[in-house]
Amino acid sequence: MKISKPLLVIGITVFVLASCGKSHTAPTVPAVPAPAATVSDPVTASTGAAPEVSDPVTASTGAAPEVSDLNAADRSVPAAKAFACGDTVYDADGNDYATVSVTGTWGYGKCWMKTNMRRGAMLATAAALPTDDGTVEKWCYDDADCTNDKTYGALYTWAEAMGLPASCNSSNAWTCAVSGTVQGICPAGWHLPSDEELEALVDSQGTNPGSKLAGGTNWKVLDATGIWKKGPIIRPEFGSSGFDVQPLGSRNPLLGDYHSRGLISSIRSSSQAGALIAWLQSFDHALTVVMRNSPLKTVGVAVRCVQD
Ligand SMILES: [Ca+2]
């Protein structure tokens, strides 16, 4: 018949195209018999054994390839919800933190933690120092476990907060140098604020920045139930930024003790001011302004992270 030849050509073409598209499921190629060894073959001549020829896939176990249903399970998981400022963020220990987009006269707008970091293992006393033990270490005021204390949080040295060796608390050698943003003890996607970022936060508030950035519960009372003791920092605009600096005081490295809870708080920056000192911002119940200071890196102060 005259049409038999064209049909045969089309059939071959379809077969070739189909084969090209299925290369990952090509049938096993039969093993090619090895050529017989000869006396002059330097490799096989030493033992006289013929080279073994086998299918490397099936010879290893003889088991059929395992078919997993992981892909099907993955497809059933909905895409993760994108983080929006105001959502809760979690540190590496699973502790939760409220977040806030800080408002201000000039609309700073970065996303900050609304409470102080609490991550890490508590040091036994204020006199103890963190070490390079592979874990984050913190002080808790009066040595009372503060892991669940969202009112005050924990205190950290500069190096421990930065994830650097403890020797960086007394050195600004190149191994302790800081460039770009530093995650340190912050959650992934967050970092310790630089000196410049903290300065911008304060400047964004205009007048009385201390009053606007400080905050917390029961702030108006003078007795033990209020976290800020009443003073000039208490003004009509107290807490208006939403940042809510919490007055947890600090750890004094010279005396090895805690002091000034309810009166003072500092927020640590990632920026060094020298071998022994680093920049931070201090809030005092007696001041409506915020003070930029550079005390010893071994002072224990609060850490607030900011989103990258
Ligand atoms: Ca440590």
# chains A, B, ... in the order shown; residues from 1 in each chain; ligands from 1

$ residues_around --residues "segment 240-253 of chain A" --least-positions-apart "4" --cutoff "6 Å" --atoms "only C-alpha atoms" --output "list in words"
Val102, Thr103, Lys114, Tyr152, Lys212, Leu213, Ala214, Gly215, Gly216, Asp257, Tyr258, His259, Ser260, Arg261, Gly262, Ile264, Ser265, Thr298, Val299, Gly300 and Val301 of chain A

$ write_last_selection --atoms "N, CA and C atoms" --output "compact mmCIF listing (two decimals), in the first residue's frame"
# COMPACT_ATOMS: atom_id res chain seq x y z
N VAL A 102 7.24 52.36 65.42
CA VAL A 102 7.28 53.55 66.25
C VAL A 102 6.83 54.78 65.47
N THR A 103 5.92 55.50 66.10
CA THR A 103 5.47 56.75 65.50
C THR A 103 6.26 57.90 66.10
N LYS A 114 8.73 45.50 71.35
CA LYS A 114 8.07 46.37 72.32
C LYS A 114 8.44 46.00 73.76
N TYR A 152 10.17 43.48 82.55
CA TYR A 152 11.51 44.05 82.59
C TYR A 152 12.49 43.41 81.60
N LYS A 212 8.23 60.38 75.72
CA LYS A 212 7.47 59.70 74.67
C LYS A 212 7.92 58.26 74.47
N LEU A 213 9.23 58.00 74.62
CA LEU A 213 9.74 56.65 74.36
C LEU A 213 9.58 55.73 75.58
N ALA A 214 9.56 56.30 76.80
CA ALA A 214 9.36 55.48 77.99
C ALA A 214 7.91 55.02 78.01
N GLY A 215 7.64 54.00 78.78
CA GLY A 215 6.27 53.52 78.86
C GLY A 215 6.16 52.31 79.75
N GLY A 216 5.02 51.66 79.67
CA GLY A 216 4.81 50.49 80.50
C GLY A 216 3.56 50.62 81.33
N ASP A 257 26.78 44.32 91.12
CA ASP A 257 25.44 44.30 91.71
C ASP A 257 24.44 44.96 90.74
N TYR A 258 23.19 44.97 91.13
CA TYR A 258 22.13 45.58 90.33
C TYR A 258 21.70 46.89 90.99
N HIS A 259 21.24 47.83 90.15
CA HIS A 259 20.75 49.08 90.73
C HIS A 259 19.79 49.80 89.79
N SER A 260 18.99 50.69 90.35
CA SER A 260 18.16 51.67 89.62
C SER A 260 16.95 51.11 88.90
N ARG A 261 16.45 49.93 89.30
CA ARG A 261 15.20 49.47 88.71
C ARG A 261 14.10 50.49 89.05
N GLY A 262 13.28 50.81 88.05
CA GLY A 262 12.21 51.78 88.25
C GLY A 262 12.64 53.21 88.01
N ILE A 264 15.89 54.03 85.98
CA ILE A 264 16.73 54.20 84.79
C ILE A 264 16.64 52.96 83.91
N SER A 265 16.76 53.16 82.60
CA SER A 265 16.94 52.03 81.69
C SER A 265 17.83 52.46 80.55
N THR A 298 30.88 45.76 79.80
CA THR A 298 30.44 44.75 80.77
C THR A 298 29.30 45.23 81.67
N VAL A 299 28.86 46.48 81.45
CA VAL A 299 27.62 46.90 82.10
C VAL A 299 26.50 46.02 81.54
N GLY A 300 25.59 45.59 82.42
CA GLY A 300 24.47 44.79 81.94
C GLY A 300 23.29 45.68 81.64
N VAL A 301 22.85 45.74 80.38
CA VAL A 301 21.71 46.58 80.00
C VAL A 301 20.78 45.81 79.07

$ residues_near_ligand --ligand "ligand 1" --cutoff "6 Å" --atoms "only C-alpha atoms and all ligand atoms" --output "PyMOL selection string"
chain A and resi 130-137

$ closest_residue --among "A:Thr125, A:Gln205, A:Ser269, A:Ser282" --to "Met162 of chain A" --atoms "only C-alpha atoms"
A:Ser269

$ atom_distance --atom1 "atom CA of Asp143 of chain A" --atom2 "atom CA of Ala124 of chain A"
6.6 Å

$ atom_distance --atom1 "atom CA of Lys81 of chain A" --atom2 "atom CA of Val303 of chain A"
26.6 Å

$ atom_distance --atom1 "atom CA of Leu255 of chain A" --atom2 "atom CA of Tyr156 of chain A"
16.1 Å

$ select_by_dssp --residues "segment 74-201 of chain A" --states "strand (DSSP E)" --output "list in words"
Val89, Tyr90, Asp96, Tyr97, Thr99, Val100, Ser101, Cys111, Trp112, Met113, Ala121, Met122, Glu137, Lys138, Trp190 and His191 of chain A

$ closest_residue --among "A:Gly256, A:Lys110, A:Thr105, A:Pro232" --to "Cys85 of chain A" --atoms "only C-alpha atoms"
A:Lys110

$ residues_around --residues "Asn116 of chain A" --least-positions-apart "5" --cutoff "9 Å" --atoms "only C-alpha atoms" --output "VMD selection string"
chain A and resid 97 150 to 155 245 to 246 267 302 to 305

$ closest_residue --among "A:Val289, A:Ala128, A:Leu192, A:Ala159" --to "Cys176 of chain A" --atoms "only C-alpha atoms"
A:Ala159

$ closest_residue --among "A:Glu237, A:Lys229, A:Leu129, A:Asp93" --to "Gly206 of chain A" --atoms "only C-alpha atoms"
A:Glu237

$ closest_residue --among "A:Trp190, A:Phe238, A:Tyr141, A:Phe283" --to "Ala92 of chain A" --atoms "only C-alpha atoms"
A:Trp190

$ residues_around --residues "Thr88 of chain A" --least-positions-apart "2" --cutoff "7 Å" --atoms "only C-alpha atoms" --output "PDB file with C-alpha atoms, in the first residue's frame"
ATOM      1  CA  GLY A  86       2.534  44.392  65.317  1.00  0.00           C
ATOM      2  CA  TYR A  90      10.019  34.719  68.611  1.00  0.00           C
ATOM      3  CA  ASP A  96       7.598  35.763  72.368  1.00  0.00           C
ATOM      4  CA  TYR A  97       7.837  39.525  71.845  1.00  0.00           C
ATOM      5  CA  ALA A  98       5.257  42.099  70.863  1.00  0.00           C
ATOM      6  CA  THR A  99       6.384  44.464  68.090  1.00  0.00           C
TER       7      THR A  99
END
